[in-house]
Amino acid sequence: MSAHTEYLWMETPERRGFVNLTDRVRAIVARSGVWDGLVLVSAMHITAAVYVNDAEPGLLDDIAAWADRLAPPGDYAHHRTGEDNGDAHLKNLLLGHQVLLPVTRGELDLGPWEQVYYAEFDGRRRKRVIVKVLGLGRPTDAASPA
Amino acid sequence: MSAHTEYLWMETPERRGFVNLTDRVRAIVARSGVWDGLVLVSAMHITAAVYVNDAEPGLLDDIAAWADRLAPPGDYAHHRTGEDNGDAHLKNLLLGHQVLLPVTRGELDLGPWEQVYYAEFDGRRRKRVIVKVLGLGRPTDAASPA
Amino acid sequence: MSAHTEYLWMETPERRGFVNLTDRVRAIVARSGVWDGLVLVSAMHITAAVYVNDAEPGLLDDIAAWADRLAPPGDYAHHRTGEDNGDAHLKNLLLGHQVLLPVTRGELDLGPWEQVYYAEFDGRRRKRVIVKVLGLGRPTDAASPA
């Protein structure tokens with residue numbers, strides 16, 4: 001059994017932005033040596049989301065508009081602290097904080113349209129995403145049938 | 001440590017539908033031989049959800065109506081691709097893409113009302129759900145106290 | 001590889017309430033002996049949520065108000081069973097049923113503001129949360145480089 005951890009740094013140029021993490025997660029899985037297991041991709045800040053969905057640009061616009069409709073910018077109790085990002089906290093809850101992806105035969109085991117996204121709602125600063133792979137290494141020749 | 005993976009094929013007769021996966025997941029856990037660990041149940045398509053809640057029929061109606069209220073069918077940017085399922089993508093995000101269930105002493109370790117559901121929002125075609133069990137096998141007699 | 005499971009009992013004095021579980025989860029991770037792995041924190045009832053966000057009191061008010069706006073108390077089909085907690089089921093789906101936290105070098109590997117919360121929406125009775133840690137133990141001296 002092995003575990004492998006890497007951290008991705010995010011810094012979107014605008015307050016909001018979507019970043020497709022799929023290829024970076026795929027590369028981390030390859031470096032991990034895990035053959036059969038799970039990989040956690042989780043935001044380390046609570047004003048960004050990590051979710052799985054399609055990489056279609058129109059859909060990204062739809063997701064942004066939908067999150068704004070259900071968790072609009074506005075006047076939140078949280079703003080008494082001097083912050084102005086109450087809506088970003090709620091969007092994290094709406095879209096989700098993390099995903100857990102299966103690794104099978106050394107590869108991300110995803111359906112045809114599944115892509116892992118980082119959705120930033122309070123960017124223009126450096127934030128981290130943790131990627132932790134846990135699972136079994138590749139079976140050795142010794143363990144394979146002759 | 002062992003890992004075990006199976007895929008469930010879904011094909012709801014209507015565009016929308018709920019399928020209780022609990023017994024199928026339970027059977028996969030039994031076949032896995034995992035005694036203490038975790039089982040991931042995750043949609044492989046992004047227009048269906050996997051969630052845990054109650055198996056009460058009235059509640060299924062409530063969940064369907066609620067998802068329609070918060071993520072209604074309508075005119076989405078995603079539809080410029082020729083698709084008409086923008087609302088189904090948003091419902092996946094609302095209800096969740098996956099669940100991770102604990103396995104203890106070889107059984108799903110669920111509370112009294114917890115059931116695993118597949119919620120389809122763009123059905124009438126074949127889609128997959130991945131079920132991956134990861135954990136320790138049953139302790140051998142040799143490892144037990146005398 | 002090792003696995004370690006504990007159950008937390010919750011009983012909020014009011015129908016609704018937030019409980020910060022972070023320190024309890026941290027203590028369970030310490031008792032587990034897991035050095036590198038994952039810890040699942042999952043509600044065992046479907047009218048409470050487990051999520052990660054900030055421990056700021058104003059934000060807790062915002063989350064409660066937001067959940068009430070998107071999943072209001074009201075007349076649900078589920079209530080034909082005699083229950084009156086339909087909104088609590090939907091709030092579980094909105095905020096999430098569970099989280100999976102990384103464990104690195106024997107500690108919860110969280111960002112600066114990440115806290116694990118239990119959000120009760122139908123309290124005044126005893127309910128459980130399961131905490132299961134899965135991962136590798138501390139490397140032994142024998143395995144370390146000389």
# chains A, B, ... in the order shown; residues from 1 in each chain; ligands from 1
call {"tool": "residues_around", "arguments": {"residues": "Glu114 of chain B", "least_positions_apart": "5", "cutoff": "8 Å", "atoms": "only C-alpha atoms", "output": "list of chain:residue names"}}
result
B:Val52, B:Asn53, B:Asp54, C:Met44, C:His45, C:Ile46
call {"tool": "write_last_selection", "arguments": {"atoms": "C-alpha atoms", "output": "mmCIF file, in the first residue's frame"}}
result
data_model
loop_
_atom_site.group_PDB
_atom_site.id
_atom_site.type_symbol
_atom_site.label_atom_id
_atom_site.label_comp_id
_atom_site.auth_asym_id
_atom_site.auth_seq_id
_atom_site.Cartn_x
_atom_site.Cartn_y
_atom_site.Cartn_z
ATOM 1 C CA VAL B 52 -27.364 9.110 0.409
ATOM 2 C CA ASN B 53 -30.827 9.702 1.830
ATOM 3 C CA ASP B 54 -34.047 7.978 2.804
ATOM 4 C CA MET C 44 -25.308 8.423 9.825
ATOM 5 C CA HIS C 45 -28.676 10.195 9.659
ATOM 6 C CA ILE C 46 -30.112 11.958 6.647
#
call {"tool": "residues_around", "arguments": {"residues": "Pro13 of chain B", "least_positions_apart": "2", "cutoff": "12 Å", "atoms": "only C-alpha atoms", "output": "short mmCIF file (atom, residue, chain, number, x, y, z; two decimals) with all heavy atoms, in the first residue's frame"}}
result
data_model
loop_
_atom_site.label_atom_id
_atom_site.label_comp_id
_atom_site.auth_asym_id
_atom_site.auth_seq_id
_atom_site.Cartn_x
_atom_site.Cartn_y
_atom_site.Cartn_z
N MET B 10 -26.63 1.53 -15.68
CA MET B 10 -27.93 2.14 -15.42
C MET B 10 -28.58 2.46 -16.76
O MET B 10 -27.91 2.91 -17.69
CB MET B 10 -27.74 3.49 -14.69
CG MET B 10 -27.03 3.40 -13.36
SD MET B 10 -28.15 2.76 -12.10
CE MET B 10 -27.15 1.40 -11.49
N GLU B 11 -29.89 2.25 -16.86
CA GLU B 11 -30.63 2.73 -18.02
C GLU B 11 -32.08 2.92 -17.60
O GLU B 11 -32.86 1.97 -17.62
CB GLU B 11 -30.53 1.77 -19.21
CG GLU B 11 -31.17 2.37 -20.45
CD GLU B 11 -30.95 1.53 -21.71
OE1 GLU B 11 -30.39 0.42 -21.62
OE2 GLU B 11 -31.35 2.00 -22.79
N ARG B 15 -36.72 9.84 -18.77
CA ARG B 15 -35.60 10.79 -18.70
C ARG B 15 -35.09 10.92 -17.26
O ARG B 15 -33.91 11.09 -17.04
CB ARG B 15 -36.05 12.14 -19.23
CG ARG B 15 -34.92 13.14 -19.23
CD ARG B 15 -35.06 14.18 -20.33
NE ARG B 15 -33.83 14.95 -20.45
CZ ARG B 15 -33.61 15.86 -21.38
NH1 ARG B 15 -34.54 16.11 -22.28
NH2 ARG B 15 -32.47 16.51 -21.43
N ARG B 16 -36.02 10.86 -16.31
CA ARG B 16 -35.63 10.97 -14.91
C ARG B 16 -36.02 9.72 -14.14
O ARG B 16 -37.02 9.08 -14.47
CB ARG B 16 -36.32 12.16 -14.27
CG ARG B 16 -35.90 13.45 -14.91
CD ARG B 16 -36.91 14.48 -14.61
NE ARG B 16 -36.56 15.73 -15.26
CZ ARG B 16 -36.85 16.91 -14.77
NH1 ARG B 16 -37.46 16.98 -13.60
NH2 ARG B 16 -36.52 18.00 -15.41
N GLY B 17 -35.26 9.41 -13.12
CA GLY B 17 -35.62 8.26 -12.32
C GLY B 17 -34.67 8.09 -11.16
O GLY B 17 -33.52 8.56 -11.21
N PHE B 18 -35.15 7.44 -10.13
CA PHE B 18 -34.33 7.15 -8.96
C PHE B 18 -34.13 5.64 -8.87
O PHE B 18 -35.10 4.88 -9.04
CB PHE B 18 -35.03 7.62 -7.68
CG PHE B 18 -35.10 9.11 -7.53
CD1 PHE B 18 -36.16 9.84 -8.07
CD2 PHE B 18 -34.10 9.81 -6.86
CE1 PHE B 18 -36.23 11.21 -7.93
CE2 PHE B 18 -34.16 11.18 -6.71
CZ PHE B 18 -35.23 11.89 -7.25
N VAL B 19 -32.92 5.22 -8.60
CA VAL B 19 -32.61 3.79 -8.45
C VAL B 19 -31.90 3.61 -7.11
O VAL B 19 -30.85 4.22 -6.88
CB VAL B 19 -31.71 3.28 -9.59
CG1 VAL B 19 -31.46 1.79 -9.45
CG2 VAL B 19 -32.31 3.61 -10.95
N GLU B 120 -31.17 9.87 -11.83
CA GLU B 120 -30.94 10.12 -13.25
C GLU B 120 -31.74 11.34 -13.68
O GLU B 120 -32.92 11.48 -13.33
CB GLU B 120 -31.39 8.88 -14.04
CG GLU B 120 -31.28 9.00 -15.54
CD GLU B 120 -29.83 9.17 -15.98
OE1 GLU B 120 -29.10 8.16 -16.06
OE2 GLU B 120 -29.45 10.33 -16.24
N PHE B 121 -31.09 12.24 -14.44
CA PHE B 121 -31.78 13.42 -14.95
C PHE B 121 -31.70 13.52 -16.47
O PHE B 121 -32.17 14.50 -17.05
CB PHE B 121 -31.22 14.68 -14.29
CG PHE B 121 -31.47 14.68 -12.81
CD1 PHE B 121 -30.43 14.47 -11.90
CD2 PHE B 121 -32.76 14.84 -12.31
CE1 PHE B 121 -30.68 14.43 -10.54
CE2 PHE B 121 -33.00 14.83 -10.95
CZ PHE B 121 -31.96 14.62 -10.06
N ASP B 122 -31.07 12.54 -17.09
CA ASP B 122 -31.00 12.53 -18.56
C ASP B 122 -30.83 11.08 -19.02
O ASP B 122 -29.81 10.71 -19.62
CB ASP B 122 -29.83 13.42 -19.03
CG ASP B 122 -29.86 13.65 -20.53
OD1 ASP B 122 -30.94 13.51 -21.15
OD2 ASP B 122 -28.79 13.94 -21.09
N GLY B 123 -31.83 10.29 -18.75
CA GLY B 123 -31.75 8.84 -18.94
C GLY B 123 -32.14 8.36 -20.32
O GLY B 123 -31.93 9.04 -21.32
N ARG B 124 -32.69 7.19 -20.35
CA ARG B 124 -33.05 6.51 -21.60
C ARG B 124 -31.82 6.17 -22.43
O ARG B 124 -31.86 6.12 -23.65
CB ARG B 124 -34.02 7.36 -22.43
CG ARG B 124 -35.37 7.52 -21.74
CD ARG B 124 -36.34 8.34 -22.55
NE ARG B 124 -35.83 9.69 -22.75
CZ ARG B 124 -36.61 10.75 -22.95
NH1 ARG B 124 -37.92 10.63 -22.96
NH2 ARG B 124 -36.08 11.94 -23.13
N ARG B 125 -30.68 6.01 -21.73
CA ARG B 125 -29.46 5.52 -22.39
C ARG B 125 -28.60 4.88 -21.32
O ARG B 125 -28.79 5.14 -20.13
CB ARG B 125 -28.71 6.63 -23.10
CG ARG B 125 -28.64 7.93 -22.31
CD ARG B 125 -27.87 8.99 -23.08
NE ARG B 125 -28.09 10.31 -22.51
CZ ARG B 125 -27.27 11.33 -22.66
NH1 ARG B 125 -26.17 11.18 -23.36
NH2 ARG B 125 -27.53 12.51 -22.12
N ARG B 126 -27.64 4.07 -21.75
CA ARG B 126 -26.84 3.33 -20.81
C ARG B 126 -25.73 4.21 -20.22
O ARG B 126 -25.01 4.87 -20.96
CB ARG B 126 -26.22 2.10 -21.50
CG ARG B 126 -27.23 0.96 -21.63
CD ARG B 126 -26.81 -0.08 -22.63
NE ARG B 126 -25.54 -0.73 -22.33
CZ ARG B 126 -25.38 -1.69 -21.43
NH1 ARG B 126 -26.41 -2.12 -20.72
NH2 ARG B 126 -24.19 -2.23 -21.23
#
call {"tool": "closest_atom_pairs", "arguments": {"of": "chain B", "to": "chain A", "cutoff": "8 Å", "atoms": "only C-alpha atoms", "output": "JSON lines"}}
result
{"residue": "B:Met1", "atom": "CA", "partner": "A:Met1", "partner_atom": "CA", "distance": 6.8}
{"residue": "B:Ser2", "atom": "CA", "partner": "A:Leu136", "partner_atom": "CA", "distance": 7.4}
{"residue": "B:Ala3", "atom": "CA", "partner": "A:Asp36", "partner_atom": "CA", "distance": 6.5}
{"residue": "B:Leu40", "atom": "CA", "partner": "A:Pro102", "partner_atom": "CA", "distance": 7.9}
{"residue": "B:Met44", "atom": "CA", "partner": "A:Gly111", "partner_atom": "CA", "distance": 4.4}
{"residue": "B:His45", "atom": "CA", "partner": "A:Gly111", "partner_atom": "CA", "distance": 5.9}
{"residue": "B:Ile46", "atom": "CA", "partner": "A:Asn53", "partner_atom": "CA", "distance": 5.4}
{"residue": "B:Leu70", "atom": "CA", "partner": "A:Leu70", "partner_atom": "CA", "distance": 7.6}
{"residue": "B:Ala71", "atom": "CA", "partner": "A:Trp66", "partner_atom": "CA", "distance": 7.9}
{"residue": "B:Tyr76", "atom": "CA", "partner": "A:Asp62", "partner_atom": "CA", "distance": 6.3}
{"residue": "B:Ala77", "atom": "CA", "partner": "A:Gly58", "partner_atom": "CA", "distance": 4.7}
{"residue": "B:His78", "atom": "CA", "partner": "A:Gly58", "partner_atom": "CA", "distance": 4.4}
{"residue": "B:His79", "atom": "CA", "partner": "A:Gly58", "partner_atom": "CA", "distance": 7.8}
{"residue": "B:Arg80", "atom": "CA", "partner": "A:Gly58", "partner_atom": "CA", "distance": 7.4}
{"residue": "B:Gly86", "atom": "CA", "partner": "A:Leu59", "partner_atom": "CA", "distance": 7.2}
{"residue": "B:His89", "atom": "CA", "partner": "A:Asn53", "partner_atom": "CA", "distance": 7.3}
{"residue": "B:Leu90", "atom": "CA", "partner": "A:Ile63", "partner_atom": "CA", "distance": 7.0}
{"residue": "B:Leu93", "atom": "CA", "partner": "A:Leu95", "partner_atom": "CA", "distance": 5.7}
{"residue": "B:Leu94", "atom": "CA", "partner": "A:Leu94", "partner_atom": "CA", "distance": 6.4}
{"residue": "B:Gly96", "atom": "CA", "partner": "A:Gly96", "partner_atom": "CA", "distance": 7.8}
{"residue": "B:His97", "atom": "CA", "partner": "A:Val52", "partner_atom": "CA", "distance": 7.3}
{"residue": "B:Arg128", "atom": "CA", "partner": "A:Gly111", "partner_atom": "CA", "distance": 7.8}
{"residue": "B:Lys132", "atom": "CA", "partner": "A:Pro102", "partner_atom": "CA", "distance": 7.1}
{"residue": "B:Leu134", "atom": "CA", "partner": "A:Gly37", "partner_atom": "CA", "distance": 6.8}
call {"tool": "write_last_selection", "arguments": {"atoms": "C-alpha atoms", "output": "short mmCIF file (atom, residue, chain, number, x, y, z; two decimals), in the first residue's frame"}}
result
data_model
loop_
_atom_site.label_atom_id
_atom_site.label_comp_id
_atom_site.auth_asym_id
_atom_site.auth_seq_id
_atom_site.Cartn_x
_atom_site.Cartn_y
_atom_site.Cartn_z
CA MET B 1 -4.90 -4.42 1.82
CA SER B 2 -7.11 -5.07 -1.13
CA ALA B 3 -9.08 -3.19 -3.76
CA LEU B 40 -16.73 4.74 -3.33
CA MET B 44 -19.36 8.17 -14.37
CA HIS B 45 -21.63 10.62 -16.21
CA ILE B 46 -22.26 14.21 -15.25
CA LEU B 70 -33.40 25.08 -7.97
CA ALA B 71 -32.09 23.86 -11.31
CA TYR B 76 -28.76 27.30 -21.00
CA ALA B 77 -25.57 28.36 -22.76
CA HIS B 78 -24.68 24.67 -22.86
CA HIS B 79 -27.53 24.17 -25.33
CA ARG B 80 -25.57 25.97 -28.06
CA GLY B 86 -28.20 21.89 -18.97
CA HIS B 89 -25.67 19.02 -15.23
CA LEU B 90 -26.69 21.47 -12.51
CA LEU B 93 -23.84 19.48 -8.83
CA LEU B 94 -26.76 20.14 -6.49
CA GLY B 96 -23.70 15.39 -5.58
CA HIS B 97 -21.66 13.18 -7.84
CA ARG B 128 -22.20 3.56 -15.65
CA LYS B 132 -14.57 0.68 -5.73
CA LEU B 134 -10.56 -0.29 -0.64
#
call {"tool": "atom_distance", "arguments": {"atom1": "atom CA of Lys127 of chain B", "atom2": "atom CA of Val34 of chain A"}}
result
26.3 Å
call {"tool": "select_by_dssp", "arguments": {"residues": "chain A", "states": "helix (DSSP H, G or I)", "output": "PyMOL selection string"}}
result
chain A and resi 22-32+57-70+77-81+86-95+141-143
call {"tool": "write_last_selection", "arguments": {"atoms": "C-alpha atoms", "output": "short mmCIF file (atom, residue, chain, number, x, y, z; two decimals), in the first residue's frame"}}
result
data_model
loop_
_atom_site.label_atom_id
_atom_site.label_comp_id
_atom_site.auth_asym_id
_atom_site.auth_seq_id
_atom_site.Cartn_x
_atom_site.Cartn_y
_atom_site.Cartn_z
CA THR A 22 -7.74 16.82 -14.78
CA ASP A 23 -4.34 16.60 -16.49
CA ARG A 24 -2.50 17.70 -13.36
CA VAL A 25 -4.30 15.08 -11.29
CA ARG A 26 -3.55 12.47 -13.95
CA ALA A 27 0.17 13.32 -13.76
CA ILE A 28 0.15 13.08 -9.96
CA VAL A 29 -1.49 9.67 -10.15
CA ALA A 30 1.25 8.56 -12.56
CA ARG A 31 3.96 9.82 -10.20
CA SER A 32 2.30 8.13 -7.21
CA PRO A 57 -17.35 26.41 -22.10
CA GLY A 58 -21.07 27.21 -22.28
CA LEU A 59 -21.65 24.96 -19.30
CA LEU A 60 -18.99 26.79 -17.30
CA ASP A 61 -20.96 29.99 -17.92
CA ASP A 62 -24.13 28.22 -16.86
CA ILE A 63 -22.53 26.97 -13.64
CA ALA A 64 -21.21 30.45 -12.80
CA ALA A 65 -24.61 32.06 -13.45
CA TRP A 66 -26.42 29.36 -11.49
CA ALA A 67 -24.11 29.69 -8.49
CA ASP A 68 -24.69 33.45 -8.60
CA ARG A 69 -28.43 32.98 -8.67
CA LEU A 70 -28.55 30.55 -5.75
CA ALA A 77 -23.50 38.49 8.50
CA HIS A 78 -20.00 37.25 7.70
CA HIS A 79 -19.20 40.72 6.37
CA ARG A 80 -19.22 42.16 9.90
CA THR A 81 -15.70 40.70 10.08
CA GLY A 86 -19.98 35.57 2.00
CA ASP A 87 -21.35 34.41 -1.33
CA ALA A 88 -18.08 32.60 -2.10
CA HIS A 89 -18.42 30.54 1.10
CA LEU A 90 -21.95 29.52 0.08
CA LYS A 91 -20.82 28.65 -3.44
CA ASN A 92 -18.20 26.31 -1.96
CA LEU A 93 -21.05 24.52 -0.17
CA LEU A 94 -23.28 24.50 -3.25
CA LEU A 95 -20.75 23.06 -5.70
CA ASP A 141 5.64 -10.24 -11.78
CA ALA A 142 6.06 -12.64 -8.92
CA ALA A 143 2.40 -12.24 -8.06
#
call {"tool": "select_by_dssp", "arguments": {"residues": "segment 37-106 of chain A", "states": "strand (DSSP E)", "output": "ChimeraX atom specification"}}
result
/A:37-43,48-53,98-104
call {"tool": "write_last_selection", "arguments": {"atoms": "all heavy atoms", "output": "tab-separated table (two decimals), in the first residue's frame"}}
result
chain	number	residue	atom	x	y	z
A	37	GLY	N	-6.65	2.27	-6.58
A	37	GLY	CA	-6.92	3.03	-5.35
A	37	GLY	C	-7.80	4.22	-5.61
A	37	GLY	O	-8.65	4.21	-6.52
A	38	LEU	N	-7.60	5.24	-4.80
A	38	LEU	CA	-8.44	6.43	-4.82
A	38	LEU	C	-7.56	7.67	-4.75
A	38	LEU	O	-6.51	7.65	-4.10
A	38	LEU	CB	-9.38	6.42	-3.60
A	38	LEU	CG	-10.34	5.23	-3.51
A	38	LEU	CD1	-10.99	5.17	-2.12
A	38	LEU	CD2	-11.42	5.31	-4.59
A	39	VAL	N	-8.01	8.75	-5.38
A	39	VAL	CA	-7.28	10.01	-5.27
A	39	VAL	C	-8.26	11.11	-4.84
A	39	VAL	O	-9.29	11.34	-5.48
A	39	VAL	CB	-6.52	10.38	-6.57
A	39	VAL	CG1	-7.41	10.33	-7.79
A	39	VAL	CG2	-5.87	11.75	-6.45
A	40	LEU	N	-7.92	11.74	-3.74
A	40	LEU	CA	-8.70	12.86	-3.21
A	40	LEU	C	-8.16	14.15	-3.80
A	40	LEU	O	-6.95	14.39	-3.79
A	40	LEU	CB	-8.55	12.91	-1.68
A	40	LEU	CG	-9.18	14.14	-0.99
A	40	LEU	CD1	-10.70	14.09	-1.06
A	40	LEU	CD2	-8.71	14.23	0.46
A	41	VAL	N	-9.08	14.98	-4.31
A	41	VAL	CA	-8.73	16.33	-4.78
A	41	VAL	C	-9.61	17.28	-3.99
A	41	VAL	O	-10.83	17.27	-4.14
A	41	VAL	CB	-8.99	16.48	-6.30
A	41	VAL	CG1	-8.52	17.84	-6.78
A	41	VAL	CG2	-8.32	15.36	-7.09
A	42	SER	N	-9.00	18.08	-3.13
A	42	SER	CA	-9.79	18.84	-2.16
A	42	SER	C	-9.25	20.26	-2.03
A	42	SER	O	-8.04	20.48	-1.88
A	42	SER	CB	-9.74	18.12	-0.81
A	42	SER	OG	-10.63	18.71	0.12
A	43	ALA	N	-10.16	21.23	-2.09
A	43	ALA	CA	-9.79	22.61	-1.84
A	43	ALA	C	-9.27	22.75	-0.41
A	43	ALA	O	-9.78	22.10	0.51
A	43	ALA	CB	-11.00	23.52	-2.04
A	48	ALA	N	-13.58	28.41	-2.53
A	48	ALA	CA	-13.42	27.82	-3.85
A	48	ALA	C	-14.01	26.42	-3.78
A	48	ALA	O	-14.11	25.83	-2.70
A	48	ALA	CB	-11.95	27.75	-4.24
A	49	ALA	N	-14.39	25.88	-4.92
A	49	ALA	CA	-14.99	24.54	-4.96
A	49	ALA	C	-14.13	23.62	-5.83
A	49	ALA	O	-13.36	24.08	-6.68
A	49	ALA	CB	-16.40	24.62	-5.53
A	50	VAL	N	-14.25	22.33	-5.60
A	50	VAL	CA	-13.70	21.32	-6.50
A	50	VAL	C	-14.85	20.40	-6.86
A	50	VAL	O	-15.53	19.88	-5.97
A	50	VAL	CB	-12.55	20.54	-5.85
A	50	VAL	CG1	-12.11	19.37	-6.74
A	50	VAL	CG2	-11.36	21.46	-5.57
A	51	TYR	N	-15.10	20.22	-8.13
A	51	TYR	CA	-16.22	19.39	-8.56
A	51	TYR	C	-15.86	18.64	-9.84
A	51	TYR	O	-14.86	18.95	-10.49
A	51	TYR	CB	-17.48	20.25	-8.76
A	51	TYR	CG	-17.41	21.17	-9.96
A	51	TYR	CD1	-17.74	20.71	-11.23
A	51	TYR	CD2	-16.99	22.49	-9.84
A	51	TYR	CE1	-17.67	21.53	-12.34
A	51	TYR	CE2	-16.91	23.32	-10.94
A	51	TYR	CZ	-17.25	22.84	-12.19
A	51	TYR	OH	-17.17	23.64	-13.29
A	52	VAL	N	-16.67	17.66	-10.18
A	52	VAL	CA	-16.54	16.94	-11.45
A	52	VAL	C	-17.71	17.32	-12.34
A	52	VAL	O	-18.87	17.23	-11.92
A	52	VAL	CB	-16.55	15.41	-11.23
A	52	VAL	CG1	-16.72	14.66	-12.56
A	52	VAL	CG2	-15.27	14.95	-10.54
A	53	ASN	N	-17.40	17.78	-13.56
A	53	ASN	CA	-18.45	17.93	-14.56
A	53	ASN	C	-17.77	18.09	-15.92
A	53	ASN	O	-16.59	17.76	-16.06
A	53	ASN	CB	-19.40	19.09	-14.21
A	53	ASN	CG	-20.84	18.79	-14.67
A	53	ASN	OD1	-21.11	18.69	-15.86
A	53	ASN	ND2	-21.74	18.60	-13.72
A	98	GLN	N	-14.76	19.02	-2.60
A	98	GLN	CA	-13.76	18.00	-2.94
A	98	GLN	C	-14.38	16.91	-3.78
A	98	GLN	O	-15.60	16.77	-3.83
A	98	GLN	CB	-13.24	17.36	-1.65
A	98	GLN	CG	-14.32	16.74	-0.79
A	98	GLN	CD	-13.80	16.23	0.55
A	98	GLN	OE1	-14.43	15.41	1.18
A	98	GLN	NE2	-12.66	16.73	0.98
A	99	VAL	N	-13.52	16.15	-4.43
A	99	VAL	CA	-13.96	14.93	-5.12
A	99	VAL	C	-12.96	13.82	-4.83
A	99	VAL	O	-11.79	14.07	-4.50
A	99	VAL	CB	-14.09	15.13	-6.64
A	99	VAL	CG1	-15.14	16.17	-6.96
A	99	VAL	CG2	-12.76	15.49	-7.27
A	100	LEU	N	-13.44	12.60	-4.98
A	100	LEU	CA	-12.60	11.43	-4.79
A	100	LEU	C	-12.71	10.62	-6.08
A	100	LEU	O	-13.81	10.19	-6.46
A	100	LEU	CB	-13.13	10.61	-3.61
A	100	LEU	CG	-12.29	9.42	-3.19
A	100	LEU	CD1	-10.95	9.85	-2.63
A	100	LEU	CD2	-13.05	8.60	-2.13
A	101	LEU	N	-11.58	10.45	-6.75
A	101	LEU	CA	-11.60	9.80	-8.06
A	101	LEU	C	-10.99	8.41	-7.96
A	101	LEU	O	-9.97	8.22	-7.28
A	101	LEU	CB	-10.83	10.63	-9.06
A	101	LEU	CG	-11.29	12.09	-9.18
A	101	LEU	CD1	-10.39	12.86	-10.12
A	101	LEU	CD2	-12.73	12.16	-9.64
A	102	PRO	N	-11.56	7.45	-8.67
A	102	PRO	CA	-11.00	6.10	-8.67
A	102	PRO	C	-9.78	6.01	-9.58
A	102	PRO	O	-9.72	6.65	-10.63
A	102	PRO	CB	-12.15	5.25	-9.21
A	102	PRO	CG	-13.01	6.18	-10.00
A	102	PRO	CD	-12.83	7.55	-9.41
A	103	VAL	N	-8.82	5.21	-9.16
A	103	VAL	CA	-7.62	4.90	-9.96
A	103	VAL	C	-7.65	3.40	-10.23
A	103	VAL	O	-7.71	2.60	-9.29
A	103	VAL	CB	-6.33	5.27	-9.20
A	103	VAL	CG1	-5.09	4.86	-10.00
A	103	VAL	CG2	-6.31	6.76	-8.88
A	104	THR	N	-7.66	3.02	-11.50
A	104	THR	CA	-7.71	1.61	-11.87
A	104	THR	C	-6.63	1.33	-12.91
A	104	THR	O	-6.52	2.07	-13.89
A	104	THR	CB	-9.11	1.27	-12.45
A	104	THR	OG1	-10.12	1.67	-11.52
A	104	THR	CG2	-9.24	-0.23	-12.70
call {"tool": "atom_distance", "arguments": {"atom1": "atom CA of Leu21 of chain B", "atom2": "atom CA of Val133 of chain B"}}
result
14.8 Å
call {"tool": "atom_distance", "arguments": {"atom1": "atom CA of Arg138 of chain B", "atom2": "atom CA of Arg105 of chain B"}}
result
7.7 Å
